[in-house]
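Heads up: the structure comes next, in structure tokens.
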Amino acid sequence: MTSIRQLFLARQAQTTNFPLGLEVDKAEGMYLYTPEGKKILDLIAGISVCNIGHRHPSVLRAISAQMDKYMHLMVYGEYIQSPQVKLAQALHKVLHPTLDNVYFVNSGSEAIEGALKLAKRYTGKTDIVACERSYHGSSHGALSIIGDESFRQNYRPLLPGITHIPFNDISALDAIGPNTAAIVVECVQSESGYIVADEDFLLEARSRCTKYGALLILDEVQTGFGRTGQLFAFHGIKDFVPDIIVLAKGMGGGLPIGAFIAPRKIMAALKENPILGHITTFGGNPVSCAASMAVLEELLKTNMVCKVPEKEIRFRKGLQHPEILEVQGKGLMLSFRLSSFEKVQKTMHLCLEKGLVTDWFLFEQNALRVAPPLIITEDEIDWSCKIIREALDAIRK
Ligand SMILES: Cc1ncc(COP(=O)(O)O)c(C=O)c1O
């Protein structure tokens with residue numbers, strides 16, 4: 001009989017020749033369970049998605065209550081759907097007062113597309129500045145701005161007018177000028193091994209944008225919803241407010257949703273000439289919005305977010321090993337650089353055998369990714385560190 005693994009490989013489009021290929025039967029809190037009943041501690045959270053853990057009871061209740069009322073009703077923007085309205089208001093309350101208008105979409109890539117289009121429409125300009133080694137998604141617009149040529153090169157022609165600058169290089173911000181519609185930045189580069197942005201770099205980008213009338217688009221797709229120890233990473237930077245913030249991943253508590261958020265005056269550019277400047281059928285799906293509201297409430301009413309910095313310290317202390325050459329990142333998005341991709345792969349597989357899932361990065365192949373749900377306990381951190389250290393001992397031999 002054909003196994004489900006064979007069918008996965010034969011019938012499902014593959015993204016690499018080396019998928020993790022872990023079969024999961026159930027997920028709950030910090031753990032994944034295989035069909036054989038093996039319990040696996042999740043140090044990846046579906047790539048910074050399950051911030052409050054898998055199948056959080058509040059999320060399940062919110063989903064179920066909304067499903068009893070309605071699911072999809074209409075393309076985004078026509079009907080008044082209370083889960084969308086309530087979530088937009090709740091996001092406005094926790095963000096800077098200028099960020100008062102929310103456009104709901106389905107994913108991080110779609111939110112980036114919306115933000116780029118909005119910047120062009122609002123400024124009437126076309127040039128975009130982005131950072132080397134940044135990641136913003138895989139659709140054509142997002143792909144045009146990601147900062148890795150090997151991922152871009154076989155898809156040309158891509159969007160014109162894009163300039164890539166070295167991340168954290170203040171002098172390179174000269175690229176922002178009178179023709180710039182926007183710069184797109186991350187507070188922690190998500191796929192280059194969690195490189196943290198220098199505050200001076202972000203503040204200088206902000207002031208150049210203000211000077212030239214360009215918009216600053218902040219991609220908080222991975223950093224948002226508590227992962228760095230602030231509800232949003234930019235909250236940790238004094239006097240820094242983006243023009244557009246882009247959210248997704250952790251926003252939905254496991255359901256697909258994204259958003260780009262901007263001042264109402266800027267967002268208004270999408271509703272005229274032509275109307276419907278961004279069209280999305282499922283954007284702001286009411287069930288996803290209800291789930292997202294539950295996530296936000298959970299993050300606000302518990303101490304999950306403020307515990308992140310001490311959990312970061314525990315990981316940093318627990319993961320000291322001669323094989324680890326460098327540690328990067330902030331909060332519960334940490335990267336441990338080894339000396340080769342092969343060592344990363346071996347470590348990942350040894351950890352998985354012991355019941356611990358870790359991952360790698362797109363643009364920093366020598367680093368091991370650790371980004372668990374924020375609910376991870378001290379004991380679970382200590383156990384994870386022990387398993388990773390043992391795997392690193394094994395690859396030394
Ligand atoms: C920083 C960042 N931006 C955008 C995206 C794209 O999000 P999605 O995969 O939901 O399209 C990702 C996805 O990994 C991301 O990490």
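By convention here, the chains of the structure tokens are called A, B, ... in the order presented, each chain's residues are numbered starting at 1, and ligands are numbered starting at 1 in the order presented.
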Given 6 Å and only C-alpha atoms and all ligand atoms, residues near ligand 1 as a PyMOL selection string: chain A and resi 107-109+135-137+190+219+221-222+249
Mind dumping the selected residues with C-alpha atoms as a CSV table (one decimal), in the first residue's frame?
```csv
chain,number,residue,atom,x,y,z
A,107,SER,CA,-0.7,36.6,4.1
A,108,GLY,CA,2.5,38.4,4.7
A,109,SER,CA,3.3,38.5,1.0
A,135,TYR,CA,12.9,38.6,3.2
A,136,HIS,CA,9.4,39.9,2.5
A,137,GLY,CA,7.6,37.1,0.7
A,190,SER,CA,13.9,37.3,9.5
A,219,ASP,CA,7.7,44.5,7.9
A,221,VAL,CA,5.5,39.8,9.8
A,222,GLN,CA,7.9,37.7,12.1
A,249,LYS,CA,2.0,35.0,10.8
```
Backbone-only DSSP, helix (DSSP H, G or I) members of segment 74-301 of chain A, as JSON, numbers by chain: {"A": [82, 83, 84, 85, 86, 87, 88, 89, 90, 91, 92, 93, 94, 108, 109, 110, 111, 112, 113, 114, 115, 116, 117, 118, 119, 120, 121, 122, 123, 140, 141, 142, 143, 144, 145, 149, 150, 151, 152, 153, 154, 155, 170, 171, 172, 173, 174, 175, 199, 200, 201, 202, 203, 204, 205, 206, 207, 208, 209, 210, 211, 212, 233, 234, 235, 236, 249, 250, 251, 252, 264, 265, 266, 267, 268, 269, 270, 271, 286, 287, 288, 289, 290, 291, 292, 293, 294, 295, 296, 297, 298, 299, 300, 301]}
What's around Phe232 of chain A at 8 Å? Count only C-alpha atoms, leave out sequence neighbours fewer than 6 positions away in its own chain, and write the answer as number ranges by chain. A: 220, 223-226
At most 9 Å is the cut-off: for each residue in segment 285-317 of chain A with any atom that close to an atom of segment 354-375 of chain A, write down the nearest atom pair and the distance in Å rounded to one decimal, counting only C-alpha atoms, chain first then increasing number, as a tab-separated table.
```
residue	atom	partner	partner_atom	distance
A:Met304	CA	A:Leu374	CA	6.2
A:Val305	CA	A:Leu374	CA	7.2
A:Lys307	CA	A:Leu374	CA	8.3
A:Val308	CA	A:Leu374	CA	6.8
A:Lys311	CA	A:Leu374	CA	8.7
```
Could you list, as an mmCIF file with N, CA and C atoms, in the first residue's frame, every residue within 8 Å of Glu199 of chain A, counting only C-alpha atoms and ignoring same-chain residues fewer than 3 positions away?
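Saved result, selection.cif, follows:
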```
data_model
loop_
_atom_site.group_PDB
_atom_site.id
_atom_site.type_symbol
_atom_site.label_atom_id
_atom_site.label_comp_id
_atom_site.auth_asym_id
_atom_site.auth_seq_id
_atom_site.Cartn_x
_atom_site.Cartn_y
_atom_site.Cartn_z
ATOM 1 N N LEU A 202 17.463 52.722 11.686
ATOM 2 C CA LEU A 202 16.008 52.894 11.504
ATOM 3 C C LEU A 202 15.625 54.367 11.644
ATOM 4 N N LEU A 203 16.228 55.043 12.620
ATOM 5 C CA LEU A 203 15.861 56.457 12.843
ATOM 6 C C LEU A 203 16.310 57.332 11.673
ATOM 7 N N ILE A 237 11.688 51.131 20.099
ATOM 8 C CA ILE A 237 12.583 52.172 19.558
ATOM 9 C C ILE A 237 11.924 53.536 19.737
#
```
When you look at Glu310 of chain A with a cut-off of 10 Å (counting only C-alpha atoms), what residues show up, excluding the ones that are within fewer than 2 positions of it in the same chain? I need them as a ChimeraX atom specification. /A:229,306-308,312-316,331-332,378
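For the residues A:Glu298, A:Glu78, A:Glu132, A:Asp25, ranking by smallest atom-to-atom distance to Leu231 of chain A using only C-alpha atoms places A:Glu298 first.
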